$ cat protein22.cif   # mmCIF, C-alpha atoms
data_entry
#
loop_
_atom_site.label_atom_id
_atom_site.label_comp_id
_atom_site.auth_asym_id
_atom_site.auth_seq_id
_atom_site.Cartn_x
_atom_site.Cartn_y
_atom_site.Cartn_z
CA ILE A 480 107.77 141.38 139.14
CA GLY A 481 109.40 137.96 139.29
CA SER A 482 106.47 136.38 137.47
CA ASN A 483 106.57 139.20 134.94
CA LEU A 484 110.12 138.17 134.09
CA PHE A 485 110.11 134.43 134.76
CA THR A 486 107.04 133.37 132.79
CA PRO A 487 108.01 134.82 129.39
CA LEU A 488 111.63 133.77 129.79
CA ALA A 489 110.78 130.24 130.91
CA VAL A 490 108.11 129.66 128.26
CA VAL A 491 110.16 131.10 125.42
CA GLY A 492 113.32 129.40 126.68
CA LEU A 493 111.70 125.97 126.89
CA ALA A 494 110.03 126.42 123.51
CA GLY A 495 113.39 127.43 122.02
CA ILE A 496 115.02 124.29 123.41
CA VAL A 497 112.33 122.10 121.82
CA GLU A 498 112.23 123.91 118.48
CA PRO A 499 114.45 126.93 117.71
CA PHE A 500 112.55 129.85 116.21
CA GLY A 501 113.11 133.45 115.18
CA VAL A 502 111.47 136.60 116.44
CA GLU A 503 110.78 139.52 114.16
CA ALA A 504 112.60 142.73 115.04
CA ALA A 505 109.31 144.64 114.84
CA VAL A 506 107.89 142.55 117.69
CA LEU A 507 110.89 143.30 119.89
CA ALA A 508 110.86 147.00 119.01
CA ARG A 509 107.13 147.26 119.83
CA ASP A 510 106.70 144.99 122.85
CA LEU A 511 109.90 145.36 124.89
CA PRO A 512 109.58 149.12 125.53
CA VAL A 513 105.94 148.64 126.59
CA LEU A 514 106.90 145.75 128.89
CA GLY A 515 109.67 147.84 130.44
CA ALA A 516 107.46 150.90 130.90
CA MET A 517 104.62 148.92 132.47
CA THR A 518 107.02 147.09 134.79
CA PHE A 519 108.53 150.41 135.88
CA ALA A 520 105.07 151.89 136.42
CA LEU A 521 104.04 148.91 138.56
CA VAL A 522 107.17 149.18 140.69
CA ALA A 523 106.80 152.95 141.01
CA PHE A 524 103.14 152.66 142.00
CA SER A 525 103.68 149.81 144.45
CA PHE A 526 106.54 151.56 146.27
CA GLY A 527 104.78 154.92 146.30
CA LEU A 528 107.29 156.46 143.89
CA SER A 529 104.98 159.02 142.39
CA GLY A 530 105.12 162.78 142.57
CA ARG A 531 107.92 164.01 144.83
CA ASN A 532 108.49 160.73 146.67
CA TRP A 533 111.28 159.35 144.46
CA ARG A 534 113.17 157.32 147.04
CA LEU A 535 114.22 153.69 147.12
CA ALA A 536 112.34 152.99 150.34
CA PRO A 537 108.68 153.85 150.70
CA PRO A 538 108.11 157.11 152.61
CA GLU A 539 106.45 157.08 156.01
CA GLY A 540 102.79 156.21 155.78
CA ILE A 541 103.12 154.46 152.40
CA THR A 542 102.05 150.83 152.68
CA GLY A 543 103.11 149.68 149.22
CA ARG A 544 99.49 149.39 148.14
CA ILE A 545 98.29 150.23 144.67
CA THR A 546 95.30 152.54 144.94
CA ARG A 547 92.17 152.18 142.82
CA SER A 548 93.14 155.14 140.68
CA LYS A 549 96.59 153.71 139.98
CA GLY A 550 95.08 150.29 139.30
CA ALA A 551 92.62 151.89 136.91
CA LEU A 552 95.49 153.65 135.17
CA LEU A 553 97.36 150.36 134.75
CA LEU A 554 94.20 148.67 133.45
CA LEU A 555 93.59 151.54 131.02
CA ALA A 556 97.16 151.23 129.75
CA TYR A 557 96.64 147.48 129.23
CA VAL A 558 93.40 148.04 127.32
CA ALA A 559 95.00 150.77 125.19
CA TYR A 560 97.95 148.49 124.38
CA THR A 561 95.63 145.62 123.46
CA VAL A 562 93.55 147.88 121.20
CA TRP A 563 96.75 149.18 119.60
CA LEU A 564 97.87 145.61 118.90
CA LEU A 565 94.51 144.67 117.40
CA LEU A 566 94.39 147.75 115.17
CA SER A 567 97.95 147.27 113.95
CA ALA A 568 97.45 143.58 113.05
#

$ encode --input "protein22.cif" --output "structure tokens"
Amino acid sequence: IGSNLFTPLAVVGLAGIVEPFGVEAAVLARDLPVLGAMTFALVAFSFGLSGRNWRLAPPEGITGRITRSKGALLLLAYVAYTVWLLLSA
């Protein structure tokens, strides 16, 4: 999660220091909700927060591992998002 936040902020921040630039509102309106939803899904999956287990700490027996099915779901979401970006360009 740290890399998910640090990398875009550091790269964009350093680029903005070198040469200020603008970002279209459409980019923010499209990409930020997807970034937030995918980050939440990753956290929920990694802490076992699916179904009825909505607690801050992982329930007994949950190791914090992302199963193959949850990994496949995240990969499918990434592919769908990439296809959506390509079709809307």

$ closest_residue --input "protein22.cif" --among "A:Leu484, A:Ile545, A:Phe500, A:Ala489" --to "Thr518 in chain A" --atoms "all atoms listed in the file"
A:Leu484

$ closest_residue --input "protein22.cif" --among "A:Ser567, A:Ala556, A:Phe485, A:Val562" --to "Ala516 in chain A" --atoms "only C-alpha atoms"
A:Ala556

$ closest_residue --input "protein22.cif" --among "A:Ala504, A:Arg544, A:Leu564, A:Asn483" --to "Phe524 in chain A" --atoms "only C-alpha atoms"
A:Arg544

$ atom_distance --input "protein22.cif" --atom1 "CA of Ser482 in chain A" --atom2 "CA of Leu554 in chain A"
17.8 Å

$ atom_distance --input "protein22.cif" --atom1 "CA of Leu488 in chain A" --atom2 "CA of Phe526 in chain A"
24.8 Å

$ axis_aligned_box --input "protein22.cif" --around "range 546-561 of chain A" --padding-each-side "4 Å" --output "AutoDock Vina command-line options"
--center_x 95.1 --center_y 150.4 --center_z 134.2 --size_x 13.8 --size_y 17.5 --size_z 29.5
